[in-house]
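Structure below is query15.csv: CSV, C-alpha atoms and all ligand atoms.
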chain,number,residue,atom,x,y,z
A,12,MET,CA,11.3,2.7,26.0
A,13,LYS,CA,11.2,0.8,22.8
A,14,LYS,CA,9.0,2.5,20.2
A,15,PRO,CA,6.0,0.5,18.9
A,16,VAL,CA,5.6,-1.4,15.7
A,17,ILE,CA,2.1,-0.7,14.2
A,18,ALA,CA,0.5,-2.5,11.4
A,19,ILE,CA,-2.3,-0.9,9.4
A,20,ASP,CA,-4.1,-3.0,6.8
A,21,GLY,CA,-7.3,-2.6,4.9
A,22,TYR,CA,-9.1,-2.0,1.7
A,23,SER,CA,-7.9,0.4,-1.0
A,24,SER,CA,-8.5,4.1,-0.4
A,25,THR,CA,-9.4,3.8,3.2
A,26,GLY,CA,-6.8,6.4,3.9
A,27,LYS,CA,-4.2,3.9,5.3
A,28,SER,CA,-1.2,5.8,4.0
A,29,SER,CA,-2.1,9.4,4.8
A,30,ILE,CA,-3.3,8.4,8.2
A,31,SER,CA,-0.2,6.4,8.9
A,32,LYS,CA,1.9,9.3,7.9
A,33,VAL,CA,0.3,11.6,10.5
A,34,ILE,CA,0.5,8.9,13.2
A,35,ALA,CA,4.2,8.5,12.4
A,36,GLU,CA,4.8,12.2,12.8
A,37,LYS,CA,2.9,12.3,16.1
A,38,LEU,CA,4.6,9.3,17.6
A,39,GLY,CA,8.1,9.8,16.1
A,40,LEU,CA,7.9,6.6,14.0
A,41,ILE,CA,9.1,5.7,10.5
A,42,HIS,CA,6.3,5.3,8.0
A,43,LEU,CA,6.5,2.7,5.3
A,44,ASP,CA,3.7,2.7,2.6
A,45,THR,CA,4.2,-0.9,1.4
A,46,GLY,CA,1.6,-0.4,-1.4
A,47,ALA,CA,4.1,2.0,-3.0
A,48,LEU,CA,6.7,-0.8,-3.2
A,49,TYR,CA,4.3,-3.0,-5.1
A,50,ARG,CA,3.4,0.0,-7.3
A,51,GLY,CA,7.1,0.6,-7.9
A,52,VAL,CA,7.7,-3.0,-9.1
A,53,THR,CA,4.7,-2.6,-11.3
A,54,TRP,CA,6.0,0.6,-12.8
A,55,PHE,CA,9.3,-1.1,-13.5
A,56,ALA,CA,7.5,-4.0,-15.2
A,57,LEU,CA,5.5,-1.7,-17.3
A,58,GLN,CA,8.7,0.1,-18.4
A,59,ASN,CA,10.9,-2.9,-18.9
A,60,CYS,CA,9.0,-6.2,-19.1
A,61,LEU,CA,6.2,-5.8,-21.6
A,62,GLU,CA,5.3,-8.2,-24.3
A,63,GLU,CA,4.3,-7.1,-27.8
A,64,LYS,CA,0.6,-7.4,-26.9
A,65,GLY,CA,1.1,-5.1,-24.0
A,66,THR,CA,1.0,-7.6,-21.2
A,67,ILE,CA,3.6,-8.0,-18.5
A,68,ASN,CA,6.0,-10.8,-19.0
A,69,LEU,CA,6.4,-12.2,-15.5
A,70,GLU,CA,9.5,-14.4,-16.3
A,71,VAL,CA,11.3,-11.3,-17.5
A,72,LEU,CA,10.2,-9.4,-14.4
A,73,PHE,CA,11.3,-12.2,-12.0
A,74,SER,CA,14.7,-12.3,-13.6
A,75,SER,CA,15.1,-8.6,-13.4
A,76,PHE,CA,14.8,-8.2,-9.6
A,77,ASP,CA,18.5,-7.5,-9.2
A,78,GLN,CA,18.0,-4.4,-11.4
A,79,ILE,CA,15.3,-3.0,-9.1
A,80,GLU,CA,16.4,-0.7,-6.4
A,81,LEU,CA,13.6,0.9,-4.5
A,82,GLU,CA,14.3,3.6,-1.9
A,83,PHE,CA,12.3,6.1,0.0
A,84,LYS,CA,13.8,9.6,0.7
A,85,ASN,CA,12.3,12.0,3.1
A,86,ASP,CA,11.5,15.4,1.6
A,87,ASN,CA,10.2,17.7,4.4
A,88,GLY,CA,8.1,14.9,5.8
A,89,GLU,CA,7.0,13.7,2.4
A,90,LEU,CA,8.3,10.2,1.5
A,91,ILE,CA,9.4,10.2,-2.1
A,92,LEU,CA,9.9,6.8,-3.8
A,93,PHE,CA,12.9,6.4,-6.1
A,94,LEU,CA,13.4,3.6,-8.5
A,95,ASN,CA,17.0,3.3,-9.5
A,96,HIS,CA,17.5,6.9,-8.3
A,97,ILE,CA,14.6,8.3,-10.3
A,98,ASP,CA,11.6,9.9,-8.5
A,99,ILE,CA,8.6,7.7,-9.4
A,100,SER,CA,6.3,9.0,-6.7
A,101,LYS,CA,3.8,10.5,-9.1
A,102,ALA,CA,4.2,7.8,-11.8
A,103,ILE,CA,3.2,5.0,-9.4
A,104,ARG,CA,-0.3,6.7,-8.9
A,105,SER,CA,-1.1,6.5,-12.6
A,106,ASN,CA,-4.1,4.6,-13.8
A,107,GLU,CA,-1.8,2.3,-15.8
A,108,VAL,CA,-0.1,1.2,-12.5
A,109,SER,CA,-3.4,1.0,-10.6
A,110,ASP,CA,-4.8,-1.3,-13.3
A,111,ASN,CA,-1.8,-3.7,-13.1
A,112,VAL,CA,-0.6,-3.6,-9.6
A,113,SER,CA,-2.9,-6.3,-8.1
A,114,PHE,CA,-1.8,-8.7,-10.9
A,115,VAL,CA,1.9,-8.1,-10.0
A,116,ALA,CA,1.3,-8.1,-6.3
A,117,LYS,CA,-0.3,-11.6,-6.3
A,118,GLN,CA,2.9,-13.2,-7.7
A,119,LYS,CA,4.7,-15.2,-5.0
A,120,GLU,CA,8.1,-14.2,-6.5
A,121,VAL,CA,7.2,-10.5,-6.1
A,122,ARG,CA,6.0,-10.9,-2.6
A,123,ASP,CA,9.1,-12.8,-1.6
A,124,PHE,CA,11.3,-10.2,-3.2
A,125,LEU,CA,9.7,-7.4,-1.1
A,126,LEU,CA,9.1,-9.4,2.2
A,127,GLN,CA,12.6,-9.3,3.7
A,128,SER,CA,13.2,-5.6,3.2
A,129,GLN,CA,9.9,-4.8,4.9
A,130,ARG,CA,10.7,-7.1,7.8
A,131,SER,CA,14.2,-5.8,8.3
A,132,LEU,CA,13.0,-2.3,8.5
A,133,ALA,CA,10.8,-3.2,11.5
A,134,GLU,CA,13.5,-5.0,13.4
A,135,LYS,CA,14.5,-2.0,15.5
A,136,GLY,CA,10.9,-1.0,16.3
A,137,GLY,CA,9.5,2.5,15.9
A,138,ILE,CA,7.7,1.9,12.6
A,139,ILE,CA,4.2,2.1,11.2
A,140,MET,CA,3.7,0.1,8.1
A,141,ASP,CA,0.6,0.1,6.0
A,142,GLY,CA,-0.6,-2.4,3.4
A,143,ARG,CA,-2.7,-5.5,3.0
A,144,ASP,CA,-0.8,-8.3,4.8
A,145,ILE,CA,1.2,-6.5,7.4
A,146,GLY,CA,-0.6,-7.8,10.5
A,147,THR,CA,-1.1,-11.3,9.0
A,148,VAL,CA,2.2,-12.0,7.2
A,149,VAL,CA,4.9,-9.3,7.3
A,150,LEU,CA,4.7,-8.4,11.0
A,151,PRO,CA,2.5,-10.9,12.7
A,152,ASP,CA,4.0,-9.9,16.1
A,153,ALA,CA,3.3,-6.2,15.6
A,154,ASP,CA,2.5,-4.4,18.9
A,155,TYR,CA,-0.7,-2.9,17.4
A,156,LYS,CA,-2.8,-4.0,14.4
A,157,PHE,CA,-5.6,-2.1,12.8
A,158,PHE,CA,-7.8,-3.0,9.9
A,159,LEU,CA,-9.4,-0.1,8.0
A,160,THR,CA,-12.6,-0.4,6.0
A,161,ALA,CA,-15.2,2.0,4.4
A,162,SER,CA,-18.0,1.8,2.0
A,163,ILE,CA,-17.1,1.5,-1.7
A,164,ASP,CA,-18.8,4.8,-2.6
A,165,GLU,CA,-16.9,6.7,0.0
A,166,ARG,CA,-13.6,5.1,-1.0
A,167,THR,CA,-14.4,5.9,-4.7
A,168,LYS,CA,-14.9,9.6,-3.8
A,169,ARG,CA,-11.7,9.7,-1.9
A,170,ARG,CA,-9.6,8.1,-4.6
A,171,TYR,CA,-11.2,10.2,-7.3
A,172,HIS,CA,-10.3,13.4,-5.5
A,173,GLU,CA,-6.8,12.1,-4.8
A,174,LEU,CA,-6.2,11.5,-8.5
A,175,LEU,CA,-7.6,15.0,-9.4
A,176,SER,CA,-5.3,16.6,-6.8
A,177,LEU,CA,-2.4,14.8,-8.4
A,178,GLY,CA,-3.4,16.2,-11.8
A,179,ILE,CA,-4.3,12.7,-13.1
A,180,GLU,CA,-7.4,12.6,-15.2
A,181,ALA,CA,-10.1,10.3,-13.8
A,182,ASP,CA,-13.6,8.9,-14.4
A,183,GLU,CA,-15.5,8.2,-11.2
A,184,GLN,CA,-17.1,5.0,-12.5
A,185,GLN,CA,-13.7,3.7,-13.7
A,186,VAL,CA,-12.2,4.5,-10.3
A,187,LYS,CA,-14.9,2.5,-8.6
A,188,GLU,CA,-14.5,-0.5,-10.9
A,189,ASN,CA,-10.7,-0.4,-10.4
A,190,LEU,CA,-11.2,-0.4,-6.6
A,191,ILE,CA,-13.7,-3.3,-6.7
A,192,GLU,CA,-11.5,-5.3,-9.0
A,193,ARG,CA,-8.3,-4.7,-6.9
A,194,ASP,CA,-10.0,-5.6,-3.7
A,195,ARG,CA,-11.3,-8.8,-5.3
A,196,ILE,CA,-7.8,-9.8,-6.6
A,197,ASP,CA,-6.1,-8.8,-3.4
A,198,SER,CA,-8.6,-10.7,-1.2
A,199,GLU,CA,-8.8,-13.8,-3.4
A,200,ARG,CA,-5.1,-14.3,-4.1
A,201,GLU,CA,-3.4,-17.4,-2.7
A,202,ILE,CA,-0.4,-15.8,-1.0
A,203,ALA,CA,-0.8,-13.3,1.7
A,204,PRO,CA,-4.4,-12.2,0.8
A,205,LEU,CA,-5.9,-9.0,2.1
A,206,LYS,CA,-7.6,-10.1,5.3
A,207,GLN,CA,-8.1,-8.9,8.8
A,208,ALA,CA,-5.7,-10.4,11.3
A,209,GLU,CA,-7.6,-12.1,14.1
A,210,ASP,CA,-6.2,-9.7,16.7
A,211,ALA,CA,-6.6,-6.5,14.6
A,212,ILE,CA,-8.9,-3.7,15.7
A,213,VAL,CA,-11.3,-3.0,12.9
A,214,ILE,CA,-12.2,0.6,12.1
A,215,ASP,CA,-14.9,1.5,9.6
A,216,ASN,CA,-14.2,5.1,8.7
A,217,THR,CA,-17.0,5.6,6.2
A,218,ASN,CA,-18.4,8.3,8.4
A,219,LEU,CA,-15.2,9.4,10.1
A,220,THR,CA,-12.9,12.2,9.0
A,221,LYS,CA,-9.2,11.5,8.7
A,222,LYS,CA,-8.7,13.3,12.0
A,223,GLU,CA,-11.3,11.2,13.7
A,224,THR,CA,-9.7,8.0,12.4
A,225,ILE,CA,-6.3,9.1,13.6
A,226,GLU,CA,-7.7,9.9,17.1
A,227,GLU,CA,-9.4,6.5,17.2
A,228,ILE,CA,-6.2,4.7,16.4
A,229,LEU,CA,-4.2,6.8,18.8
A,230,SER,CA,-6.7,6.1,21.6
A,231,HIS,CA,-5.9,2.4,21.4
A,232,VAL,CA,-2.1,2.9,21.1
A,233,LYS,CA,-2.1,5.0,24.2
A,234,LYS,CA,-4.4,2.8,26.2
A,235,ILE,CA,-2.3,-0.4,26.1
B,301,LIG,O1,-2.1,0.7,-1.0
B,301,LIG,P1,-2.1,0.7,-2.5
B,301,LIG,O2,-3.5,0.9,-3.1
B,301,LIG,O3,-1.2,1.8,-3.0
B,301,LIG,O4,-1.6,-0.7,-2.9
B,301,LIG,C1,-1.4,-1.1,-4.3
B,301,LIG,C2,-1.6,-2.5,-4.5
B,301,LIG,O5,-0.5,-3.2,-3.9
B,301,LIG,C3,-2.9,-3.2,-3.9
B,301,LIG,O6,-3.9,-3.3,-4.8
B,301,LIG,C4,-2.4,-4.5,-3.4
B,301,LIG,C5,-0.9,-4.4,-3.3
B,301,LIG,N1,-0.4,-4.5,-1.9
B,301,LIG,C6,-0.2,-5.8,-1.4
B,301,LIG,O7,-0.5,-6.8,-2.1
B,301,LIG,N2,0.3,-5.9,-0.2
B,301,LIG,C7,0.7,-4.9,0.6
B,301,LIG,N3,1.2,-5.0,1.8
B,301,LIG,C8,0.4,-3.6,0.0
B,301,LIG,C9,-0.1,-3.4,-1.2
So, in terms of structure tokens, how does the structure I just supplied come out?
Amino acid sequence: MKKPVIAIDGYSSTGKSSISKVIAEKLGLIHLDTGALYRGVTWFALQNCLEEKGTINLEVLFSSFDQIELEFKNDNGELILFLNHIDISKAIRSNEVSDNVSFVAKQKEVRDFLLQSQRSLAEKGGIIMDGRDIGTVVLPDADYKFFLTASIDERTKRRYHELLSLGIEADEQQVKENLIERDRIDSEREIAPLKQAEDAIVIDNTNLTKKETIEEILSHVKKI
């Protein structure tokens, strides 16, 4: 039996990645956190493509794609992202990256650069991919599509605690503002905006635990 292709989209900090990781383990699928790829490109840009005034020079970034090699390695079930063979899994969660990633992700050139590798990973099936445009653009023929949402206060709380657990200093109000701003840029961008696919199952997990959200998703996957 061919293993399914599952698309999980939704707002920032709705638990898409951590939920997808568990579902991947349960169903024996590969998990791809596509947000990490956009964060990886942003990290590269912040290291290599800054102008004197501290803004990202997009032309320099676009002409540097051939120097960007992003690769996930599995470390005891934990996917570690490497950029040119250097572990950047913690660096991509920094506030600096979070503040710039939506600006980078809205560029057509960046999206084109990352699109093909995402699609080719899904060709053989057996994958769960989470992001913003998976059900709408990257994998429009996915077997299952889910769209996760939750209240902004709940999402702020989750992100704030995630940062603290990573040892990254955080201010709750700033975290909230970053989430609102990112959602705005992600939803309003011209190319592949954050939006629910027409055939996606919407799950509001404001009042659901991670375990309950996983069960809800699995109940649909098993039913069909
Ligand atoms: O899931 P995340 O918060 O780590 O994603 C970081 C940013 O990357 C998010 O603000 C929007 C962008 N992104 C995207 O544009 N398309 C995707 N498929 C995944 C993420």
Exercise for review: Find the spatial neighbours of Gln58 (chain A), counting all atoms listed in the file, within a cut-off of 12 Å - ignore same-chain residues fewer than 4 positions away - and output them as a ChimeraX atom specification.
Suggested key: /A:51-54,62,65-68,71-72,75,79,94,99,102-103,107-108
Exercise for review: Could you check how far CA of Arg50 (chain A) sits from CA of Val232 (chain A), in Å to one decimal?
Suggested key: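 So the answer is 29.1 Å.
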Point to revise | Surrounding residues of Lys32 (chain A) excluding itself and chain neighbours under 4 positions, 7 Å, all atoms listed in the file, as a list in words | key: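 Returned residues: Ser28, Glu36 and His42 of chain A.
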Store the residues picked out above in a file with C-alpha atoms, as a short mmCIF file (atom, residue, chain, number, x, y, z; two decimals), in the frame of the given file.
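What landed in again_36.cif:
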data_model
loop_
_atom_site.label_atom_id
_atom_site.label_comp_id
_atom_site.auth_asym_id
_atom_site.auth_seq_id
_atom_site.Cartn_x
_atom_site.Cartn_y
_atom_site.Cartn_z
CA SER A 28 -1.20 5.80 4.00
CA GLU A 36 4.80 12.20 12.80
CA HIS A 42 6.30 5.30 8.00
#
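Distance annotation: of A:Ile228, A:Leu61, A:Ala47, A:Leu159, the residue with the minimal separation from ligand LIG 301 (chain B) is A:Ala47; atom set is all atoms listed in the file.
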Check your understanding: To one decimal place, how far is CA of Met140 (chain A) from CA of Ile34 (chain A) in Å?
Key ->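 Taking CA of Met140 (chain A) and CA of Ile34 (chain A), their separation equals 10.7 Å.
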**Study point:** Residue with smallest distance to Phe93 (chain A) - pool A:Leu48, A:Ile225, A:Val121, A:Leu57, counting all atoms listed in the file
**Key:**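 Going through A:Leu48, A:Ile225, A:Val121, A:Leu57 one by one, the smallest distance to Phe93 (chain A) is for A:Leu48.
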Review point. Within 6 Å of ligand LIG 301 (chain B), counting only C-alpha atoms and all ligand atoms, which protein or nucleic acid residues do you find, written as a list of chain:residue names?
Key: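 I would give the residues around ligand LIG 301 (chain B) as A:Ser23, A:Thr45, A:Gly46, A:Ala47, A:Tyr49, A:Arg50, A:Val112, A:Ser113, A:Ala116, A:Gly142, A:Arg143, A:Asp144, A:Ile145, A:Arg193, A:Asp197.
With all atoms listed in the file as the atoms that count, the minimum distance from Thr160 (chain A) to the choices A:Glu209, A:Asp86, A:Asp194, A:Glu226 is reached by A:Asp194.
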Review point. Which one is closest to Phe157 (chain A): A:Leu177, A:Leu229, A:Leu69, A:Leu43? Count all atoms listed in the file.
Key: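 Answer, going by the shortest atom-to-atom distance: A:Leu229.
For the set A:Ser198, A:Asp141, A:Gly178, A:Ala211, the residue with the smallest atom-to-atom gap to Gly26 (chain A) is A:Asp141, counting all atoms listed in the file.
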Review point. Do you know which residues lie at most 8 Å from (14.2, 6.7, -6.7), with coordinates as in the file and only C-alpha atoms counted, and could you write them as an NGL selection string?
Key: :A and (80-84 or 91-99)
**Study point:** CA of Asn111 (chain A) to CA of Ile179 (chain A), straight-line distance in Å
**Key:**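 Separating CA of Ile179 (chain A) from CA of Asn111 (chain A) is a distance of 16.6 Å.
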Considering all atoms listed in the file, return as a JSON list (two decimals) with C-alpha atoms, keeping the file's coordinate frame whatever protein or nucleic-acid residues lie within 10 Å of Asn216 (chain A), sequence-local ones (same chain, fewer than 6 positions apart) excluded.
[["chain", "number", "residue", "atom", "x", "y", "z"],
["A", 25, "THR", "CA", -9.40, 3.80, 3.20],
["A", 26, "GLY", "CA", -6.80, 6.40, 3.90],
["A", 159, "LEU", "CA", -9.40, -0.10, 8.00],
["A", 160, "THR", "CA", -12.60, -0.40, 6.00],
["A", 161, "ALA", "CA", -15.20, 2.00, 4.40],
["A", 162, "SER", "CA", -18.00, 1.80, 2.00],
["A", 165, "GLU", "CA", -16.90, 6.70, 0.00],
["A", 166, "ARG", "CA", -13.60, 5.10, -1.00],
["A", 223, "GLU", "CA", -11.30, 11.20, 13.70],
["A", 224, "THR", "CA", -9.70, 8.00, 12.40],
["A", 227, "GLU", "CA", -9.40, 6.50, 17.20]]
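Using all atoms listed in the file for every distance, the candidate list A:Val148, A:Val186, A:Ile202, A:Ile212 yields A:Val186 as the residue closest to Glu173 (chain A).
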